[in-house]
Amino acid sequence: MSILITGARGHIARSLIQQCLAAGTPVRAAGRNPDAARLPAGVRAVRCDLADPATFRAALEGITKIFLYAEPRGLDAFATSAAAAGVEHVVLLSALSADPGSADEISRMHGAAERAVAGSGLAWTFLRPGGFATNCLQWAPSVRAEGVVLDPFPDLRSAPVHEADIASVALRALTEPGHEGARYVLTGPEAISRRRQAELIGQAVRRPVRVAVQDLEEYRAELIAWTSPEVAEAVIRESAASADRPALLTDTVEKVTGEPARTFGQWARDHAPDFT
Ligand SMILES: NC(=O)c1ccc[n+]([C@@H]2O[C@H](COP(=O)([O-])OP(=O)(O)OC[C@H]3O[C@@H](n4cnc5c(N)ncnc54)[C@H](OP(=O)(O)O)[C@@H]3O)[C@@H](O)[C@H]2O)c1
């Protein structure tokens, strides 16, 4: 069995590659620019752009399982090529809100990706995480420079999920039987405000981190620089709506891996070098 891990530059893919190596599971890493992915020694890298079918054949040769990012352009063609190449099972990094009929860009994009994978005839497992703890890395420059977290919604509570937990669930789904057809909703173990997240980052870097309420227009401009205008609007709409409802918590990470989900405090300690 050899696993193709797409999105090699991403946090989840990098954690999954490390976990596969530790478990002795053969992997091939794929990305649009694999040379930039800073892969561990001994991991073979191939160029695979999910929006460019010319890159599929070499990436898929000899592969039986795939960890797949939900790149919306080209997933139908990729899933069809994977099925033709003899791939047996795809673990798709989707999202909590996946819904192909949604008016929301993020939900629709992930819903379309799930539909493409399910329609290919391949066995599948959908990982549906809520917000990633790594989203807080956007605070890193201001924490490093001034010890400040700028955020327009400091009291919004959520249960950010550690990339290593998403990767651990992916590893189980890719290497054990019994995960086919599962839709795993993944969250962190506790609902905490962004104010508390900033405090925990401060504890991890051993210096106070204060929170300043960010102007919404400034936040919007930053998000647009980081993603598309549609996704930025969806993120803002979702954040505003979340203020009035309790954060969703699941115990899926523990059920699948046998280990409790990592706390945000743990994430902050793991990423202290990013904030110092
Ligand atoms: N951030 C959240 O809170 C959250 C929550 C739920 C779901 N998600 C979903 O999780 C996924 C990753 O999010 P992220 O925040 O980790 O983003 P990220 O760090 O920017 O990673 C995006 C990854 O997607 C890969 N990618 C993008 N376009 C590609 C293409 N055409 N072909 C191949 N790979 C491509 C990139 O791979 P290379 O550059 O190496 O090619 C990169 O590794 C997204 O689908 C996102 O919507 C995010």
# chains A, B, ... in the order shown; residues from 1 in each chain; ligands from 1
>>> residues_near_ligand(ligand="ligand 1", cutoff="6 Å", atoms="only C-alpha atoms and all ligand atoms", output="PyMOL selection string")
chain A and resi 6-11+31-33+48-51+69-71+93-95+129-132+135
>>> residues_around(residues="Val209 (chain A)", least_positions_apart="2", cutoff="6 Å", atoms="only C-alpha atoms", output="JSON, numbers by chain")
{"A": [147, 148, 202]}
>>> select_by_dssp(residues="region 18-265 of chain A", states="strand (DSSP E or B)", output="PyMOL selection string")
chain A and resi 27-31+44-47+65-69+89-93+123-129+132+148-151+157-158+161+183-186+192-193+210-213
>>> select_by_dssp(residues="region 4-160 of chain A", states="alpha helix (DSSP H)", output="MDAnalysis selection string")
chainID A and resid 11:23 56:60 75:84 105:119 140:146
>>> residues_around(residues="Ile63 (chain A)", least_positions_apart="5", cutoff="8 Å", atoms="only C-alpha atoms", output="list in words")
Met1, Ser2, Ile3, Leu4, Ala85, Gly86 and Val87 of chain A
>>> write_last_selection(atoms="N, CA and C atoms", output="PDB file, in the first residue's frame")
ATOM      1  N   MET A   1       0.844  -1.206   0.000  1.00  0.00           N
ATOM      2  CA  MET A   1       0.000   0.000   0.000  1.00  0.00           C
ATOM      3  C   MET A   1       0.875   1.251   0.000  1.00  0.00           C
ATOM      4  N   SER A   2       0.589   2.189  -0.883  1.00  0.00           N
ATOM      5  CA  SER A   2       1.286   3.468  -0.829  1.00  0.00           C
ATOM      6  C   SER A   2       0.252   4.586  -0.844  1.00  0.00           C
ATOM      7  N   ILE A   3       0.484   5.576   0.008  1.00  0.00           N
ATOM      8  CA  ILE A   3      -0.499   6.660   0.171  1.00  0.00           C
ATOM      9  C   ILE A   3       0.018   7.911  -0.518  1.00  0.00           C
ATOM     10  N   LEU A   4      -0.842   8.552  -1.300  1.00  0.00           N
ATOM     11  CA  LEU A   4      -0.523   9.856  -1.880  1.00  0.00           C
ATOM     12  C   LEU A   4      -1.123  10.930  -0.970  1.00  0.00           C
ATOM     13  N   ALA A  85      -6.745   4.536 -12.132  1.00  0.00           N
ATOM     14  CA  ALA A  85      -5.368   4.150 -11.783  1.00  0.00           C
ATOM     15  C   ALA A  85      -5.331   3.052 -10.718  1.00  0.00           C
ATOM     16  N   GLY A  86      -6.506   2.618 -10.240  1.00  0.00           N
ATOM     17  CA  GLY A  86      -6.527   1.513  -9.278  1.00  0.00           C
ATOM     18  C   GLY A  86      -6.538   1.949  -7.820  1.00  0.00           C
ATOM     19  N   VAL A  87      -6.760   3.234  -7.575  1.00  0.00           N
ATOM     20  CA  VAL A  87      -6.855   3.706  -6.187  1.00  0.00           C
ATOM     21  C   VAL A  87      -8.097   3.097  -5.543  1.00  0.00           C
TER      22      VAL A  87
END
>>> closest_residue(among="A:Leu156, A:Ile166, A:Leu216, A:Ala82", to="Val117 (chain A)", atoms="only C-alpha atoms")
A:Ala82
>>> closest_atom_pairs(of="region 128-177 of chain A", to="region 221-228 of chain A", cutoff="12 Å", atoms="only C-alpha atoms", output="CSV")
residue,atom,partner,partner_atom,distance
A:Asn135,CA,A:Leu223,CA,11.0
A:Leu137,CA,A:Trp226,CA,11.9
A:Gln138,CA,A:Trp226,CA,9.2
A:Trp139,CA,A:Glu222,CA,11.1
A:Leu150,CA,A:Glu222,CA,11.1
A:Asp151,CA,A:Glu222,CA,11.0
A:Pro152,CA,A:Glu222,CA,11.8
>>> write_last_selection(atoms="N, CA and C atoms", output="short mmCIF file (atom, residue, chain, number, x, y, z; two decimals), in the first residue's frame")
data_model
loop_
_atom_site.label_atom_id
_atom_site.label_comp_id
_atom_site.auth_asym_id
_atom_site.auth_seq_id
_atom_site.Cartn_x
_atom_site.Cartn_y
_atom_site.Cartn_z
N ASN A 135 -5.58 28.64 12.07
CA ASN A 135 -6.06 29.96 11.64
C ASN A 135 -5.44 31.06 12.51
N LEU A 137 -2.54 31.43 13.32
CA LEU A 137 -1.21 31.86 12.85
C LEU A 137 -1.28 33.22 12.17
N GLN A 138 -2.49 33.63 11.75
CA GLN A 138 -2.59 34.97 11.17
C GLN A 138 -2.32 36.05 12.23
N TRP A 139 -2.38 35.66 13.51
CA TRP A 139 -2.04 36.61 14.59
C TRP A 139 -0.54 36.70 14.81
N LEU A 150 -5.09 41.13 17.17
CA LEU A 150 -6.15 42.00 16.64
C LEU A 150 -7.26 41.11 16.11
N ASP A 151 -8.48 41.31 16.61
CA ASP A 151 -9.57 40.46 16.15
C ASP A 151 -10.89 41.21 16.34
N PRO A 152 -11.78 41.15 15.34
CA PRO A 152 -13.06 41.86 15.48
C PRO A 152 -14.07 41.12 16.36
#
>>> residues_around(residues="Ser107 (chain A)", least_positions_apart="5", cutoff="12 Å", atoms="only C-alpha atoms", output="ChimeraX atom specification")
/A:70,72,94-102,112-114,128-130,230-231,234-235,238
>>> write_last_selection(atoms="N, CA and C atoms", output="PDB file, in the first residue's frame")
ATOM      1  N   ALA A  70      -9.563  19.596  -0.833  1.00  0.00           N
ATOM      2  CA  ALA A  70     -10.790  19.848  -1.585  1.00  0.00           C
ATOM      3  C   ALA A  70     -10.624  21.022  -2.543  1.00  0.00           C
ATOM      4  N   PRO A  72     -11.504  22.894  -5.538  1.00  0.00           N
ATOM      5  CA  PRO A  72     -12.753  22.726  -6.287  1.00  0.00           C
ATOM      6  C   PRO A  72     -12.580  22.529  -7.785  1.00  0.00           C
ATOM      7  N   SER A  94     -12.618  17.753   4.013  1.00  0.00           N
ATOM      8  CA  SER A  94     -13.780  18.570   3.676  1.00  0.00           C
ATOM      9  C   SER A  94     -13.955  19.625   4.770  1.00  0.00           C
ATOM     10  N   ALA A  95     -15.176  19.961   5.115  1.00  0.00           N
ATOM     11  CA  ALA A  95     -15.420  20.968   6.158  1.00  0.00           C
ATOM     12  C   ALA A  95     -16.758  20.669   6.814  1.00  0.00           C
ATOM     13  N   LEU A  96     -16.859  21.118   8.044  1.00  0.00           N
ATOM     14  CA  LEU A  96     -18.054  20.920   8.869  1.00  0.00           C
ATOM     15  C   LEU A  96     -19.350  21.252   8.126  1.00  0.00           C
ATOM     16  N   SER A  97     -19.306  22.346   7.366  1.00  0.00           N
ATOM     17  CA  SER A  97     -20.544  22.870   6.777  1.00  0.00           C
ATOM     18  C   SER A  97     -20.777  22.369   5.355  1.00  0.00           C
ATOM     19  N   ALA A  98     -20.036  21.340   4.899  1.00  0.00           N
ATOM     20  CA  ALA A  98     -20.107  20.923   3.490  1.00  0.00           C
ATOM     21  C   ALA A  98     -21.546  20.714   3.021  1.00  0.00           C
ATOM     22  N   ASP A  99     -21.898  21.380   1.930  1.00  0.00           N
ATOM     23  CA  ASP A  99     -23.261  21.277   1.389  1.00  0.00           C
ATOM     24  C   ASP A  99     -23.250  21.841  -0.033  1.00  0.00           C
ATOM     25  N   PRO A 100     -23.421  20.960  -1.052  1.00  0.00           N
ATOM     26  CA  PRO A 100     -23.317  21.454  -2.434  1.00  0.00           C
ATOM     27  C   PRO A 100     -24.411  22.456  -2.798  1.00  0.00           C
ATOM     28  N   GLY A 101     -25.524  22.472  -2.043  1.00  0.00           N
ATOM     29  CA  GLY A 101     -26.617  23.387  -2.378  1.00  0.00           C
ATOM     30  C   GLY A 101     -26.559  24.689  -1.591  1.00  0.00           C
ATOM     31  N   SER A 102     -25.531  24.879  -0.785  1.00  0.00           N
ATOM     32  CA  SER A 102     -25.484  26.057   0.088  1.00  0.00           C
ATOM     33  C   SER A 102     -25.207  27.336  -0.694  1.00  0.00           C
ATOM     34  N   ALA A 112     -19.314  20.255  -3.071  1.00  0.00           N
ATOM     35  CA  ALA A 112     -19.027  19.829  -4.449  1.00  0.00           C
ATOM     36  C   ALA A 112     -17.873  18.827  -4.465  1.00  0.00           C
ATOM     37  N   ALA A 113     -16.881  19.058  -3.611  1.00  0.00           N
ATOM     38  CA  ALA A 113     -15.742  18.125  -3.548  1.00  0.00           C
ATOM     39  C   ALA A 113     -16.208  16.756  -3.055  1.00  0.00           C
ATOM     40  N   GLU A 114     -17.061  16.735  -2.037  1.00  0.00           N
ATOM     41  CA  GLU A 114     -17.577  15.451  -1.526  1.00  0.00           C
ATOM     42  C   GLU A 114     -18.355  14.731  -2.628  1.00  0.00           C
ATOM     43  N   ARG A 128     -14.670  16.207   8.280  1.00  0.00           N
ATOM     44  CA  ARG A 128     -15.384  17.489   8.286  1.00  0.00           C
ATOM     45  C   ARG A 128     -14.981  18.285   9.520  1.00  0.00           C
ATOM     46  N   PRO A 129     -13.794  18.913   9.483  1.00  0.00           N
ATOM     47  CA  PRO A 129     -13.368  19.684  10.651  1.00  0.00           C
ATOM     48  C   PRO A 129     -14.090  21.022  10.738  1.00  0.00           C
ATOM     49  N   GLY A 130     -14.208  21.500  11.988  1.00  0.00           N
ATOM     50  CA  GLY A 130     -14.584  22.890  12.206  1.00  0.00           C
ATOM     51  C   GLY A 130     -13.332  23.741  12.048  1.00  0.00           C
ATOM     52  N   GLU A 230     -14.980  36.065  -1.777  1.00  0.00           N
ATOM     53  CA  GLU A 230     -16.168  35.267  -1.432  1.00  0.00           C
ATOM     54  C   GLU A 230     -15.933  34.505  -0.125  1.00  0.00           C
ATOM     55  N   VAL A 231     -14.747  33.881  -0.016  1.00  0.00           N
ATOM     56  CA  VAL A 231     -14.443  33.121   1.199  1.00  0.00           C
ATOM     57  C   VAL A 231     -14.333  34.077   2.393  1.00  0.00           C
ATOM     58  N   ALA A 234     -17.718  34.837   3.573  1.00  0.00           N
ATOM     59  CA  ALA A 234     -18.300  33.666   4.249  1.00  0.00           C
ATOM     60  C   ALA A 234     -17.726  33.536   5.657  1.00  0.00           C
ATOM     61  N   VAL A 235     -16.433  33.782   5.812  1.00  0.00           N
ATOM     62  CA  VAL A 235     -15.796  33.686   7.141  1.00  0.00           C
ATOM     63  C   VAL A 235     -16.409  34.738   8.078  1.00  0.00           C
ATOM     64  N   GLU A 238     -20.025  33.825   8.979  1.00  0.00           N
ATOM     65  CA  GLU A 238     -20.043  32.694   9.902  1.00  0.00           C
ATOM     66  C   GLU A 238     -19.630  33.142  11.306  1.00  0.00           C
TER      67      GLU A 238
END
>>> closest_residue(among="A:Cys136, A:Ala103, A:Val205, A:Leu186", to="Phe264 (chain A)", atoms="only C-alpha atoms")
A:Cys136
>>> closest_residue(among="A:Ala182, A:Leu16, A:Ala29, A:Val211", to="Pro154 (chain A)", atoms="only C-alpha atoms")
A:Val211
>>> closest_residue(among="A:Ala167, A:Val161, A:Thr64, A:Gly121", to="Ile17 (chain A)", atoms="only C-alpha atoms")
A:Ala167
>>> residues_around(residues="His179 (chain A)", least_positions_apart="2", cutoff="12 Å", atoms="only C-alpha atoms", output="NGL selection string")
:A and (89-91 or 123-127 or 169-177 or 181-184 or 255-257)
>>> closest_residue(among="A:Thr252, A:Thr25, A:Ser15, A:Gln266", to="Glu163 (chain A)", atoms="only C-alpha atoms")
A:Ser15
>>> closest_residue(among="A:Phe275, A:Ala164, A:Ala241, A:Ala41", to="Val149 (chain A)", atoms="only C-alpha atoms")
A:Phe275
>>> decode(residues="region 204-219 of chain A", atoms="N, CA, C and O atoms", output="PDB file, in the first residue's frame")
ATOM      1  N   ALA A 204       2.222  30.334  26.367  1.00  0.00           N
ATOM      2  CA  ALA A 204       3.170  29.476  25.637  1.00  0.00           C
ATOM      3  C   ALA A 204       4.461  30.223  25.312  1.00  0.00           C
ATOM      4  O   ALA A 204       5.534  29.621  25.308  1.00  0.00           O
ATOM      5  N   VAL A 205       4.352  31.531  25.041  1.00  0.00           N
ATOM      6  CA  VAL A 205       5.570  32.290  24.674  1.00  0.00           C
ATOM      7  C   VAL A 205       6.139  33.035  25.880  1.00  0.00           C
ATOM      8  O   VAL A 205       7.112  33.774  25.761  1.00  0.00           O
ATOM      9  N   ARG A 206       5.487  32.858  27.049  1.00  0.00           N
ATOM     10  CA  ARG A 206       5.954  33.434  28.323  1.00  0.00           C
ATOM     11  C   ARG A 206       6.079  34.944  28.245  1.00  0.00           C
ATOM     12  O   ARG A 206       7.053  35.546  28.702  1.00  0.00           O
ATOM     13  N   ARG A 207       5.073  35.574  27.603  1.00  0.00           N
ATOM     14  CA  ARG A 207       4.971  37.024  27.675  1.00  0.00           C
ATOM     15  C   ARG A 207       3.516  37.383  27.426  1.00  0.00           C
ATOM     16  O   ARG A 207       2.813  36.659  26.689  1.00  0.00           O
ATOM     17  N   PRO A 208       3.039  38.480  28.081  1.00  0.00           N
ATOM     18  CA  PRO A 208       1.611  38.766  27.944  1.00  0.00           C
ATOM     19  C   PRO A 208       1.229  39.089  26.508  1.00  0.00           C
ATOM     20  O   PRO A 208       1.986  39.743  25.792  1.00  0.00           O
ATOM     21  N   VAL A 209       0.075  38.596  26.122  1.00  0.00           N
ATOM     22  CA  VAL A 209      -0.471  38.927  24.803  1.00  0.00           C
ATOM     23  C   VAL A 209      -1.834  39.563  25.051  1.00  0.00           C
ATOM     24  O   VAL A 209      -2.705  38.940  25.657  1.00  0.00           O
ATOM     25  N   ARG A 210      -2.009  40.817  24.635  1.00  0.00           N
ATOM     26  CA  ARG A 210      -3.294  41.471  24.858  1.00  0.00           C
ATOM     27  C   ARG A 210      -4.137  41.421  23.576  1.00  0.00           C
ATOM     28  O   ARG A 210      -3.609  41.206  22.478  1.00  0.00           O
ATOM     29  N   VAL A 211      -5.446  41.636  23.759  1.00  0.00           N
ATOM     30  CA  VAL A 211      -6.372  41.575  22.623  1.00  0.00           C
ATOM     31  C   VAL A 211      -6.888  42.976  22.340  1.00  0.00           C
ATOM     32  O   VAL A 211      -7.291  43.690  23.261  1.00  0.00           O
ATOM     33  N   ALA A 212      -6.860  43.391  21.085  1.00  0.00           N
ATOM     34  CA  ALA A 212      -7.454  44.671  20.688  1.00  0.00           C
ATOM     35  C   ALA A 212      -8.545  44.382  19.662  1.00  0.00           C
ATOM     36  O   ALA A 212      -8.347  43.547  18.764  1.00  0.00           O
ATOM     37  N   VAL A 213      -9.692  45.045  19.824  1.00  0.00           N
ATOM     38  CA  VAL A 213     -10.807  44.805  18.898  1.00  0.00           C
ATOM     39  C   VAL A 213     -10.473  45.453  17.559  1.00  0.00           C
ATOM     40  O   VAL A 213     -10.228  46.654  17.480  1.00  0.00           O
ATOM     41  N   GLN A 214     -10.440  44.621  16.532  1.00  0.00           N
ATOM     42  CA  GLN A 214     -10.028  45.098  15.210  1.00  0.00           C
ATOM     43  C   GLN A 214     -11.217  45.665  14.438  1.00  0.00           C
ATOM     44  O   GLN A 214     -12.336  45.132  14.523  1.00  0.00           O
ATOM     45  N   ASP A 215     -10.959  46.709  13.698  1.00  0.00           N
ATOM     46  CA  ASP A 215     -11.969  47.274  12.815  1.00  0.00           C
ATOM     47  C   ASP A 215     -12.347  46.228  11.748  1.00  0.00           C
ATOM     48  O   ASP A 215     -11.472  45.592  11.160  1.00  0.00           O
ATOM     49  N   LEU A 216     -13.668  46.076  11.524  1.00  0.00           N
ATOM     50  CA  LEU A 216     -14.133  45.002  10.641  1.00  0.00           C
ATOM     51  C   LEU A 216     -13.625  45.183   9.207  1.00  0.00           C
ATOM     52  O   LEU A 216     -13.298  44.204   8.524  1.00  0.00           O
ATOM     53  N   GLU A 217     -13.546  46.429   8.741  1.00  0.00           N
ATOM     54  CA  GLU A 217     -13.072  46.670   7.363  1.00  0.00           C
ATOM     55  C   GLU A 217     -11.599  46.271   7.200  1.00  0.00           C
ATOM     56  O   GLU A 217     -11.204  45.709   6.178  1.00  0.00           O
ATOM     57  N   GLU A 218     -10.829  46.573   8.247  1.00  0.00           N
ATOM     58  CA  GLU A 218      -9.408  46.194   8.218  1.00  0.00           C
ATOM     59  C   GLU A 218      -9.285  44.666   8.185  1.00  0.00           C
ATOM     60  O   GLU A 218      -8.498  44.094   7.427  1.00  0.00           O
ATOM     61  N   TYR A 219     -10.117  44.003   9.003  1.00  0.00           N
ATOM     62  CA  TYR A 219     -10.121  42.531   9.054  1.00  0.00           C
ATOM     63  C   TYR A 219     -10.504  41.960   7.687  1.00  0.00           C
ATOM     64  O   TYR A 219      -9.868  41.031   7.172  1.00  0.00           O
TER      65      TYR A 219
END
